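Shown next: my_file_38.pdb, containing PDB, N, CA and C atoms.
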ATOM      1  N   MET A   1      71.332  83.550  90.557
ATOM      2  CA  MET A   1      72.624  84.009  90.074
ATOM      3  C   MET A   1      73.237  84.946  91.124
ATOM      4  N   PRO A   2      74.558  84.869  91.299
ATOM      5  CA  PRO A   2      75.235  85.751  92.255
ATOM      6  C   PRO A   2      75.103  87.219  91.835
ATOM      7  N   ALA A   3      75.389  88.106  92.761
ATOM      8  CA  ALA A   3      75.347  89.543  92.495
ATOM      9  C   ALA A   3      76.358  89.895  91.399
ATOM     10  N   MET A   4      75.996  90.852  90.564
ATOM     11  CA  MET A   4      76.855  91.237  89.439
ATOM     12  C   MET A   4      78.223  91.717  89.912
ATOM     13  N   ARG A   5      78.285  92.437  91.023
ATOM     14  CA  ARG A   5      79.591  92.893  91.536
ATOM     15  C   ARG A   5      80.477  91.700  91.870
ATOM     16  N   PHE A   6      79.907  90.669  92.464
ATOM     17  CA  PHE A   6      80.666  89.461  92.775
ATOM     18  C   PHE A   6      81.165  88.806  91.486
ATOM     19  N   ILE A   7      80.303  88.707  90.499
ATOM     20  CA  ILE A   7      80.680  88.104  89.219
ATOM     21  C   ILE A   7      81.828  88.884  88.581
ATOM     22  N   GLU A   8      81.724  90.192  88.596
ATOM     23  CA  GLU A   8      82.778  91.033  88.020
ATOM     24  C   GLU A   8      84.110  90.819  88.733
ATOM     25  N   GLN A   9      84.068  90.789  90.057
ATOM     26  CA  GLN A   9      85.300  90.603  90.826
ATOM     27  C   GLN A   9      85.874  89.197  90.647
ATOM     28  N   LEU A  10      85.003  88.220  90.512
ATOM     29  CA  LEU A  10      85.484  86.861  90.277
ATOM     30  C   LEU A  10      86.172  86.776  88.909
ATOM     31  N   ASN A  11      85.642  87.476  87.926
ATOM     32  CA  ASN A  11      86.286  87.513  86.615
ATOM     33  C   ASN A  11      87.640  88.217  86.667
ATOM     34  N   VAL A  12      87.755  89.242  87.503
ATOM     35  CA  VAL A  12      89.056  89.892  87.710
ATOM     36  C   VAL A  12      90.034  88.885  88.317
ATOM     37  N   GLN A  13      89.561  88.123  89.286
ATOM     38  CA  GLN A  13      90.425  87.124  89.925
ATOM     39  C   GLN A  13      90.827  86.033  88.937
ATOM     40  N   ILE A  14      89.932  85.640  88.062
ATOM     41  CA  ILE A  14      90.257  84.649  87.031
ATOM     42  C   ILE A  14      91.421  85.153  86.185
ATOM     43  N   ALA A  15      91.375  86.416  85.806
ATOM     44  CA  ALA A  15      92.466  86.997  85.020
ATOM     45  C   ALA A  15      93.777  86.952  85.797
ATOM     46  N   GLN A  16      93.725  87.251  87.088
ATOM     47  CA  GLN A  16      94.936  87.223  87.916
ATOM     48  C   GLN A  16      95.495  85.806  88.032
ATOM     49  N   GLU A  17      94.610  84.831  88.148
ATOM     50  CA  GLU A  17      95.056  83.439  88.252
ATOM     51  C   GLU A  17      95.732  82.982  86.953
ATOM     52  N   PHE A  18      95.140  83.334  85.808
ATOM     53  CA  PHE A  18      95.756  82.967  84.533
ATOM     54  C   PHE A  18      97.084  83.692  84.322
ATOM     55  N   ALA A  19      97.176  84.946  84.742
ATOM     56  CA  ALA A  19      98.437  85.680  84.637
ATOM     57  C   ALA A  19      99.510  85.033  85.515
ATOM     58  N   ALA A  20      99.121  84.624  86.712
ATOM     59  CA  ALA A  20     100.067  83.943  87.603
ATOM     60  C   ALA A  20     100.508  82.620  86.995
ATOM     61  N   HIS A  21      99.575  81.905  86.381
ATOM     62  CA  HIS A  21      99.913  80.654  85.702
ATOM     63  C   HIS A  21     101.008  80.896  84.671
ATOM     64  N   GLN A  22     100.806  81.889  83.823
ATOM     65  CA  GLN A  22     101.787  82.179  82.773
ATOM     66  C   GLN A  22     103.138  82.568  83.372
ATOM     67  N   GLN A  23     103.111  83.375  84.439
ATOM     68  CA  GLN A  23     104.369  83.787  85.043
ATOM     69  C   GLN A  23     105.112  82.610  85.643
ATOM     70  N   TYR A  24     104.397  81.711  86.282
ATOM     71  CA  TYR A  24     105.054  80.551  86.867
ATOM     72  C   TYR A  24     105.609  79.616  85.798
ATOM     73  N   VAL A  25     104.923  79.487  84.686
ATOM     74  CA  VAL A  25     105.467  78.694  83.584
ATOM     75  C   VAL A  25     106.769  79.329  83.102
ATOM     76  N   ALA A  26     106.795  80.654  82.972
ATOM     77  CA  ALA A  26     108.008  81.343  82.538
ATOM     78  C   ALA A  26     109.156  81.114  83.526
ATOM     79  N   CYS A  27     108.854  81.136  84.815
ATOM     80  CA  CYS A  27     109.883  80.863  85.832
ATOM     81  C   CYS A  27     110.384  79.427  85.701
ATOM     82  N   ALA A  28     109.469  78.496  85.500
ATOM     83  CA  ALA A  28     109.847  77.091  85.356
ATOM     84  C   ALA A  28     110.754  76.890  84.151
ATOM     85  N   VAL A  29     110.409  77.511  83.044
ATOM     86  CA  VAL A  29     111.224  77.388  81.829
ATOM     87  C   VAL A  29     112.613  77.970  82.062
ATOM     88  N   PHE A  30     112.683  79.076  82.781
ATOM     89  CA  PHE A  30     113.978  79.681  83.115
ATOM     90  C   PHE A  30     114.856  78.670  83.858
ATOM     91  N   TYR A  31     114.282  78.025  84.867
ATOM     92  CA  TYR A  31     115.060  77.047  85.640
ATOM     93  C   TYR A  31     115.345  75.790  84.828
ATOM     94  N   ASP A  32     114.413  75.378  83.993
ATOM     95  CA  ASP A  32     114.658  74.219  83.129
ATOM     96  C   ASP A  32     115.863  74.465  82.234
ATOM     97  N   ALA A  33     115.955  75.657  81.686
ATOM     98  CA  ALA A  33     117.073  75.996  80.800
ATOM     99  C   ALA A  33     118.410  75.987  81.539
ATOM    100  N   LEU A  34     118.370  76.213  82.837
ATOM    101  CA  LEU A  34     119.593  76.192  83.653
ATOM    102  C   LEU A  34     119.874  74.800  84.219
ATOM    103  N   THR A  35     119.095  73.827  83.811
ATOM    104  CA  THR A  35     119.204  72.459  84.304
ATOM    105  C   THR A  35     119.068  72.421  85.829
ATOM    106  N   MET A  36     117.995  73.046  86.290
ATOM    107  CA  MET A  36     117.645  73.046  87.713
ATOM    108  C   MET A  36     116.263  72.412  87.831
ATOM    109  N   PRO A  37     116.195  71.071  87.720
ATOM    110  CA  PRO A  37     114.899  70.401  87.622
ATOM    111  C   PRO A  37     114.008  70.538  88.848
ATOM    112  N   GLN A  38     114.571  70.633  90.024
ATOM    113  CA  GLN A  38     113.723  70.761  91.209
ATOM    114  C   GLN A  38     113.027  72.125  91.236
ATOM    115  N   MET A  39     113.745  73.170  90.901
ATOM    116  CA  MET A  39     113.127  74.493  90.848
ATOM    117  C   MET A  39     112.119  74.565  89.709
ATOM    118  N   ALA A  40     112.477  73.996  88.570
ATOM    119  CA  ALA A  40     111.547  73.981  87.440
ATOM    120  C   ALA A  40     110.280  73.226  87.821
ATOM    121  N   GLY A  41     110.425  72.077  88.431
ATOM    122  CA  GLY A  41     109.277  71.277  88.838
ATOM    123  C   GLY A  41     108.384  72.009  89.822
ATOM    124  N   PHE A  42     109.011  72.720  90.754
ATOM    125  CA  PHE A  42     108.240  73.502  91.713
ATOM    126  C   PHE A  42     107.364  74.522  90.998
ATOM    127  N   PHE A  43     107.960  75.259  90.052
ATOM    128  CA  PHE A  43     107.205  76.297  89.362
ATOM    129  C   PHE A  43     106.188  75.723  88.386
ATOM    130  N   TYR A  44     106.487  74.591  87.762
ATOM    131  CA  TYR A  44     105.470  73.955  86.916
ATOM    132  C   TYR A  44     104.251  73.560  87.768
ATOM    133  N   ALA A  45     104.510  73.031  88.948
ATOM    134  CA  ALA A  45     103.407  72.646  89.841
ATOM    135  C   ALA A  45     102.613  73.871  90.285
ATOM    136  N   GLN A  46     103.313  74.951  90.607
ATOM    137  CA  GLN A  46     102.623  76.182  91.004
ATOM    138  C   GLN A  46     101.764  76.712  89.857
ATOM    139  N   ALA A  47     102.282  76.613  88.639
ATOM    140  CA  ALA A  47     101.529  77.068  87.466
ATOM    141  C   ALA A  47     100.221  76.295  87.339
ATOM    142  N   LEU A  48     100.298  74.987  87.501
ATOM    143  CA  LEU A  48      99.082  74.176  87.407
ATOM    144  C   LEU A  48      98.087  74.522  88.508
ATOM    145  N   GLU A  49      98.590  74.810  89.689
ATOM    146  CA  GLU A  49      97.708  75.185  90.792
ATOM    147  C   GLU A  49      96.951  76.475  90.470
ATOM    148  N   GLU A  50      97.653  77.465  89.923
ATOM    149  CA  GLU A  50      97.001  78.728  89.568
ATOM    150  C   GLU A  50      95.970  78.514  88.455
ATOM    151  N   ARG A  51      96.317  77.706  87.466
ATOM    152  CA  ARG A  51      95.387  77.383  86.388
ATOM    153  C   ARG A  51      94.143  76.694  86.944
ATOM    154  N   ASP A  52      94.359  75.751  87.847
ATOM    155  CA  ASP A  52      93.233  75.046  88.453
ATOM    156  C   ASP A  52      92.319  76.002  89.227
ATOM    157  N   HIS A  53      92.914  76.986  89.913
ATOM    158  CA  HIS A  53      92.094  77.986  90.614
ATOM    159  C   HIS A  53      91.196  78.709  89.618
ATOM    160  N   ALA A  54      91.779  79.158  88.512
ATOM    161  CA  ALA A  54      90.997  79.869  87.497
ATOM    162  C   ALA A  54      89.884  78.991  86.949
ATOM    163  N   MET A  55      90.197  77.739  86.701
ATOM    164  CA  MET A  55      89.200  76.838  86.133
ATOM    165  C   MET A  55      88.061  76.565  87.111
ATOM    166  N   MET A  56      88.361  76.472  88.404
ATOM    167  CA  MET A  56      87.298  76.287  89.397
ATOM    168  C   MET A  56      86.361  77.486  89.421
ATOM    169  N   MET A  57      86.925  78.675  89.307
ATOM    170  CA  MET A  57      86.094  79.882  89.293
ATOM    171  C   MET A  57      85.238  79.946  88.036
ATOM    172  N   ILE A  58      85.834  79.583  86.908
ATOM    173  CA  ILE A  58      85.074  79.558  85.657
ATOM    174  C   ILE A  58      83.939  78.557  85.763
ATOM    175  N   LYS A  59      84.228  77.373  86.266
ATOM    176  CA  LYS A  59      83.202  76.339  86.418
ATOM    177  C   LYS A  59      82.069  76.827  87.315
ATOM    178  N   TYR A  60      82.418  77.498  88.396
ATOM    179  CA  TYR A  60      81.396  78.036  89.295
ATOM    180  C   TYR A  60      80.487  79.010  88.552
ATOM    181  N   LEU A  61      81.087  79.941  87.825
ATOM    182  CA  LEU A  61      80.284  80.926  87.103
ATOM    183  C   LEU A  61      79.405  80.266  86.058
ATOM    184  N   VAL A  62      79.952  79.315  85.326
ATOM    185  CA  VAL A  62      79.153  78.604  84.316
ATOM    186  C   VAL A  62      77.991  77.872  84.984
ATOM    187  N   ASP A  63      78.268  77.213  86.088
ATOM    188  CA  ASP A  63      77.218  76.492  86.813
ATOM    189  C   ASP A  63      76.125  77.429  87.333
ATOM    190  N   GLN A  64      76.479  78.682  87.584
ATOM    191  CA  GLN A  64      75.518  79.671  88.081
ATOM    192  C   GLN A  64      74.831  80.424  86.944
ATOM    193  N   ASP A  65      75.114  80.020  85.701
ATOM    194  CA  ASP A  65      74.602  80.745  84.528
ATOM    195  C   ASP A  65      75.020  82.211  84.540
ATOM    196  N   ALA A  66      76.209  82.458  85.052
ATOM    197  CA  ALA A  66      76.769  83.809  85.112
ATOM    198  C   ALA A  66      77.844  83.937  84.031
ATOM    199  N   PRO A  67      78.092  85.139  83.551
ATOM    200  CA  PRO A  67      79.113  85.299  82.520
ATOM    201  C   PRO A  67      80.516  85.050  83.067
ATOM    202  N   ALA A  68      81.223  84.155  82.414
ATOM    203  CA  ALA A  68      82.619  83.871  82.757
ATOM    204  C   ALA A  68      83.480  84.407  81.626
ATOM    205  N   VAL A  69      84.479  85.203  81.974
ATOM    206  CA  VAL A  69      85.345  85.818  80.986
ATOM    207  C   VAL A  69      86.695  85.108  81.002
ATOM    208  N   VAL A  70      87.091  84.607  79.839
ATOM    209  CA  VAL A  70      88.429  84.032  79.695
ATOM    210  C   VAL A  70      89.292  85.148  79.110
ATOM    211  N   PRO A  71      90.143  85.735  79.940
ATOM    212  CA  PRO A  71      90.853  86.943  79.534
ATOM    213  C   PRO A  71      92.147  86.651  78.774
ATOM    214  N   GLY A  72      92.574  87.635  78.030
ATOM    215  CA  GLY A  72      93.951  87.639  77.563
ATOM    216  C   GLY A  72      94.792  88.158  78.712
ATOM    217  N   VAL A  73      96.027  87.756  78.771
ATOM    218  CA  VAL A  73      96.895  88.240  79.848
ATOM    219  C   VAL A  73      98.155  88.842  79.247
ATOM    220  N   SER A  74      98.772  89.734  79.985
ATOM    221  CA  SER A  74     100.030  90.327  79.557
ATOM    222  C   SER A  74     101.125  89.273  79.532
ATOM    223  N   ALA A  75     102.086  89.484  78.682
ATOM    224  CA  ALA A  75     103.219  88.552  78.607
ATOM    225  C   ALA A  75     103.965  88.532  79.939
ATOM    226  N   PRO A  76     104.359  87.360  80.390
ATOM    227  CA  PRO A  76     105.095  87.275  81.655
ATOM    228  C   PRO A  76     106.544  87.724  81.490
ATOM    229  N   GLN A  77     107.162  88.017  82.603
ATOM    230  CA  GLN A  77     108.597  88.299  82.595
ATOM    231  C   GLN A  77     109.321  86.993  82.300
ATOM    232  N   VAL A  78     110.238  87.009  81.347
ATOM    233  CA  VAL A  78     110.945  85.782  80.973
ATOM    234  C   VAL A  78     112.456  85.880  81.168
ATOM    235  N   ASP A  79     112.967  87.079  81.332
ATOM    236  CA  ASP A  79     114.398  87.271  81.559
ATOM    237  C   ASP A  79     114.625  87.634  83.016
ATOM    238  N   PHE A  80     115.571  86.939  83.623
ATOM    239  CA  PHE A  80     115.867  87.170  85.025
ATOM    240  C   PHE A  80     117.370  87.356  85.181
ATOM    241  N   PRO A  81     117.797  88.264  86.051
ATOM    242  CA  PRO A  81     119.228  88.539  86.191
ATOM    243  C   PRO A  81     120.016  87.442  86.913
ATOM    244  N   ASP A  82     119.312  86.641  87.718
ATOM    245  CA  ASP A  82     119.995  85.587  88.466
ATOM    246  C   ASP A  82     118.968  84.546  88.904
ATOM    247  N   VAL A  83     119.426  83.503  89.581
ATOM    248  CA  VAL A  83     118.540  82.405  89.973
ATOM    249  C   VAL A  83     117.604  82.758  91.129
ATOM    250  N   VAL A  84     117.851  83.838  91.810
ATOM    251  CA  VAL A  84     117.008  84.253  92.924
ATOM    252  C   VAL A  84     115.805  85.074  92.431
ATOM    253  N   ALA A  85     115.963  85.779  91.349
ATOM    254  CA  ALA A  85     114.940  86.723  90.872
ATOM    255  C   ALA A  85     113.567  86.085  90.630
ATOM    256  N   PRO A  86     113.471  84.887  90.045
ATOM    257  CA  PRO A  86     112.137  84.308  89.875
ATOM    258  C   PRO A  86     111.435  84.017  91.201
ATOM    259  N   VAL A  87     112.196  83.621  92.191
ATOM    260  CA  VAL A  87     111.606  83.351  93.518
ATOM    261  C   VAL A  87     111.130  84.657  94.139
ATOM    262  N   GLU A  88     111.926  85.708  94.008
ATOM    263  CA  GLU A  88     111.508  87.003  94.525
ATOM    264  C   GLU A  88     110.225  87.481  93.830
ATOM    265  N   LEU A  89     110.173  87.302  92.527
ATOM    266  CA  LEU A  89     108.980  87.691  91.774
ATOM    267  C   LEU A  89     107.757  86.903  92.242
ATOM    268  N   ALA A  90     107.946  85.613  92.452
ATOM    269  CA  ALA A  90     106.840  84.774  92.915
ATOM    270  C   ALA A  90     106.347  85.219  94.291
ATOM    271  N   LEU A  91     107.258  85.566  95.174
ATOM    272  CA  LEU A  91     106.874  86.037  96.506
ATOM    273  C   LEU A  91     106.101  87.354  96.420
ATOM    274  N   GLU A  92     106.525  88.254  95.554
ATOM    275  CA  GLU A  92     105.813  89.511  95.362
ATOM    276  C   GLU A  92     104.423  89.263  94.804
ATOM    277  N   GLN A  93     104.343  88.315  93.887
ATOM    278  CA  GLN A  93     103.078  88.008  93.218
ATOM    279  C   GLN A  93     102.053  87.407  94.174
ATOM    280  N   GLU A  94     102.521  86.614  95.105
ATOM    281  CA  GLU A  94     101.612  85.983  96.070
ATOM    282  C   GLU A  94     101.108  87.034  97.017
TER     283      GLU A  94
END
Show the structure stored in the file as structure tokens.
Amino acid sequence: MPAMRFIEQLNVQIAQEFAAHQQYVACAVFYDALTMPQMAGFFYAQALEERDHAMMMIKYLVDQDAPAVVPGVSAPQVDFPDVVAPVELALEQE
């Protein structure tokens, strides 16, 4: 089994990946509501990528018989002042 500090930090990263997933879904929905399908599609794809990262980490921990924590995450930002704000948020988040 990996070192406990590594396991703890990987669980922190899992939480960050799931939070990013939720935020990207919120950005995608914002653009979908504005009938901006290319921007919405971009953010939906990014959301899936973040979710997949979290799932790979969870799978690794399970395979190592290490504790994997599926965290609750804070609600994402869903209101944006303009069409640029979700992109700025995504850049800050990365």
DSSP on the backbone: which residues in chain A end up as helix (DSSP H, G or I)? Give the answer as a ChimeraX atom specification.
/A:4-33,37-63,85-93
Explicit residues for the PyMOL selection byres ((chain A and resi 78) around 8) (as a count of residues only)
12
Return the single residue from A:Phe18, A:Tyr31, A:Phe43, A:Phe6 that is closest to Met55 of chain A, with distances computed using only C-alpha atoms.
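Closest candidate: A:Phe18.
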To one decimal in Å, tell me the separation between atom CA of Glu88 of chain A and atom CA of Phe42 of chain A.
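If I compute the distance from atom CA of Glu88 of chain A to atom CA of Phe42 of chain A, I get 14.2 Å.
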The PyMOL selection byres (((chain A and resi 44-48 and name CA) around 7) and name CA) on the file shown: which residues, as a list in words?
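Evaluating the PyMOL selection byres (((chain A and resi 44-48 and name CA) around 7) and name CA) on this file yields His21, Gln22, Tyr24, Val25, Ala28, Ala40, Gly41, Phe42, Phe43, Glu49, Glu50, Arg51 and Asp52 of chain A.
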Once you add 3 Å to each side, what are the centre and edge lengths of the axis-aligned box holding all listed atoms of segment 75-80 of chain A? One decimal in Å, as lines of an AutoDock Vina configuration file, if you can.
center_x = 109.7
center_y = 87.6
center_z = 81.9
size_x = 21.3
size_y = 9.7
size_z = 12.6
Long-range neighbours of Ala15 of chain A as a list in words, 8 Å cut-off, only N, CA and C atoms, 3 positions minimum in chain
Gln9, Leu10, Asn11, Val12, Phe18, Ala19, Ala20, His21, Ala54, Val69, Val70, Pro71, Gly72 and Val73 of chain A
Residue subset to file, keeping N, CA and C atoms, as an mmCIF file, in the frame of the given file:
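again03.cif, written as the output of this step:
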data_model
loop_
_atom_site.group_PDB
_atom_site.id
_atom_site.type_symbol
_atom_site.label_atom_id
_atom_site.label_comp_id
_atom_site.auth_asym_id
_atom_site.auth_seq_id
_atom_site.Cartn_x
_atom_site.Cartn_y
_atom_site.Cartn_z
ATOM 1 N N GLN A 9 84.068 90.789 90.057
ATOM 2 C CA GLN A 9 85.300 90.603 90.826
ATOM 3 C C GLN A 9 85.874 89.197 90.647
ATOM 4 N N LEU A 10 85.003 88.220 90.512
ATOM 5 C CA LEU A 10 85.484 86.861 90.277
ATOM 6 C C LEU A 10 86.172 86.776 88.909
ATOM 7 N N ASN A 11 85.642 87.476 87.926
ATOM 8 C CA ASN A 11 86.286 87.513 86.615
ATOM 9 C C ASN A 11 87.640 88.217 86.667
ATOM 10 N N VAL A 12 87.755 89.242 87.503
ATOM 11 C CA VAL A 12 89.056 89.892 87.710
ATOM 12 C C VAL A 12 90.034 88.885 88.317
ATOM 13 N N PHE A 18 95.140 83.334 85.808
ATOM 14 C CA PHE A 18 95.756 82.967 84.533
ATOM 15 C C PHE A 18 97.084 83.692 84.322
ATOM 16 N N ALA A 19 97.176 84.946 84.742
ATOM 17 C CA ALA A 19 98.437 85.680 84.637
ATOM 18 C C ALA A 19 99.510 85.033 85.515
ATOM 19 N N ALA A 20 99.121 84.624 86.712
ATOM 20 C CA ALA A 20 100.067 83.943 87.603
ATOM 21 C C ALA A 20 100.508 82.620 86.995
ATOM 22 N N HIS A 21 99.575 81.905 86.381
ATOM 23 C CA HIS A 21 99.913 80.654 85.702
ATOM 24 C C HIS A 21 101.008 80.896 84.671
ATOM 25 N N ALA A 54 91.779 79.158 88.512
ATOM 26 C CA ALA A 54 90.997 79.869 87.497
ATOM 27 C C ALA A 54 89.884 78.991 86.949
ATOM 28 N N VAL A 69 84.479 85.203 81.974
ATOM 29 C CA VAL A 69 85.345 85.818 80.986
ATOM 30 C C VAL A 69 86.695 85.108 81.002
ATOM 31 N N VAL A 70 87.091 84.607 79.839
ATOM 32 C CA VAL A 70 88.429 84.032 79.695
ATOM 33 C C VAL A 70 89.292 85.148 79.110
ATOM 34 N N PRO A 71 90.143 85.735 79.940
ATOM 35 C CA PRO A 71 90.853 86.943 79.534
ATOM 36 C C PRO A 71 92.147 86.651 78.774
ATOM 37 N N GLY A 72 92.574 87.635 78.030
ATOM 38 C CA GLY A 72 93.951 87.639 77.563
ATOM 39 C C GLY A 72 94.792 88.158 78.712
ATOM 40 N N VAL A 73 96.027 87.756 78.771
ATOM 41 C CA VAL A 73 96.895 88.240 79.848
ATOM 42 C C VAL A 73 98.155 88.842 79.247
#
For atom CA of Lys59 of chain A and atom N of Gln93 of chain A, quote the distance in Å rounded to one decimal.
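These atoms are spaced 25.4 Å apart.
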Nearest residue to Met56 of chain A from the set A:Asp82, A:Glu8, A:Glu94, A:Glu17 (distances using only C-alpha atoms)
A:Glu17
Point-to-point distance in Å for atom N of Leu91 of chain A and atom C of Ser74 of chain A:
17.2 Å
Repaired coordinates for segment 9-28 of chain A (N, CA, C and O atoms) as a compact mmCIF listing (two decimals), in the frame of the given file:
# COMPACT_ATOMS: atom_id res chain seq x y z
N GLN A 9 84.07 90.79 90.06
CA GLN A 9 85.30 90.60 90.83
C GLN A 9 85.87 89.20 90.65
O GLN A 9 87.09 89.02 90.63
N LEU A 10 85.00 88.22 90.51
CA LEU A 10 85.48 86.86 90.28
C LEU A 10 86.17 86.78 88.91
O LEU A 10 87.20 86.11 88.77
N ASN A 11 85.64 87.48 87.93
CA ASN A 11 86.29 87.51 86.62
C ASN A 11 87.64 88.22 86.67
O ASN A 11 88.58 87.81 85.99
N VAL A 12 87.76 89.24 87.50
CA VAL A 12 89.06 89.89 87.71
C VAL A 12 90.03 88.88 88.32
O VAL A 12 91.19 88.79 87.90
N GLN A 13 89.56 88.12 89.29
CA GLN A 13 90.42 87.12 89.92
C GLN A 13 90.83 86.03 88.94
O GLN A 13 91.96 85.56 88.97
N ILE A 14 89.93 85.64 88.06
CA ILE A 14 90.26 84.65 87.03
C ILE A 14 91.42 85.15 86.18
O ILE A 14 92.37 84.41 85.91
N ALA A 15 91.38 86.42 85.81
CA ALA A 15 92.47 87.00 85.02
C ALA A 15 93.78 86.95 85.80
O ALA A 15 94.84 86.63 85.24
N GLN A 16 93.72 87.25 87.09
CA GLN A 16 94.94 87.22 87.92
C GLN A 16 95.50 85.81 88.03
O GLN A 16 96.71 85.61 88.02
N GLU A 17 94.61 84.83 88.15
CA GLU A 17 95.06 83.44 88.25
C GLU A 17 95.73 82.98 86.95
O GLU A 17 96.77 82.33 86.99
N PHE A 18 95.14 83.33 85.81
CA PHE A 18 95.76 82.97 84.53
C PHE A 18 97.08 83.69 84.32
O PHE A 18 98.04 83.11 83.79
N ALA A 19 97.18 84.95 84.74
CA ALA A 19 98.44 85.68 84.64
C ALA A 19 99.51 85.03 85.52
O ALA A 19 100.67 84.89 85.10
N ALA A 20 99.12 84.62 86.71
CA ALA A 20 100.07 83.94 87.60
C ALA A 20 100.51 82.62 87.00
O ALA A 20 101.69 82.25 87.07
N HIS A 21 99.58 81.90 86.38
CA HIS A 21 99.91 80.65 85.70
C HIS A 21 101.01 80.90 84.67
O HIS A 21 102.02 80.19 84.65
N GLN A 22 100.81 81.89 83.82
CA GLN A 22 101.79 82.18 82.77
C GLN A 22 103.14 82.57 83.37
O GLN A 22 104.19 82.15 82.88
N GLN A 23 103.11 83.38 84.44
CA GLN A 23 104.37 83.79 85.04
C GLN A 23 105.11 82.61 85.64
O GLN A 23 106.32 82.50 85.52
N TYR A 24 104.40 81.71 86.28
CA TYR A 24 105.05 80.55 86.87
C TYR A 24 105.61 79.62 85.80
O TYR A 24 106.67 79.01 85.99
N VAL A 25 104.92 79.49 84.69
CA VAL A 25 105.47 78.69 83.58
C VAL A 25 106.77 79.33 83.10
O VAL A 25 107.76 78.63 82.86
N ALA A 26 106.80 80.65 82.97
CA ALA A 26 108.01 81.34 82.54
C ALA A 26 109.16 81.11 83.53
O ALA A 26 110.31 80.89 83.12
N CYS A 27 108.85 81.14 84.82
CA CYS A 27 109.88 80.86 85.83
C CYS A 27 110.38 79.43 85.70
O CYS A 27 111.60 79.17 85.78
N ALA A 28 109.47 78.50 85.50
CA ALA A 28 109.85 77.09 85.36
C ALA A 28 110.75 76.89 84.15
O ALA A 28 111.77 76.18 84.23
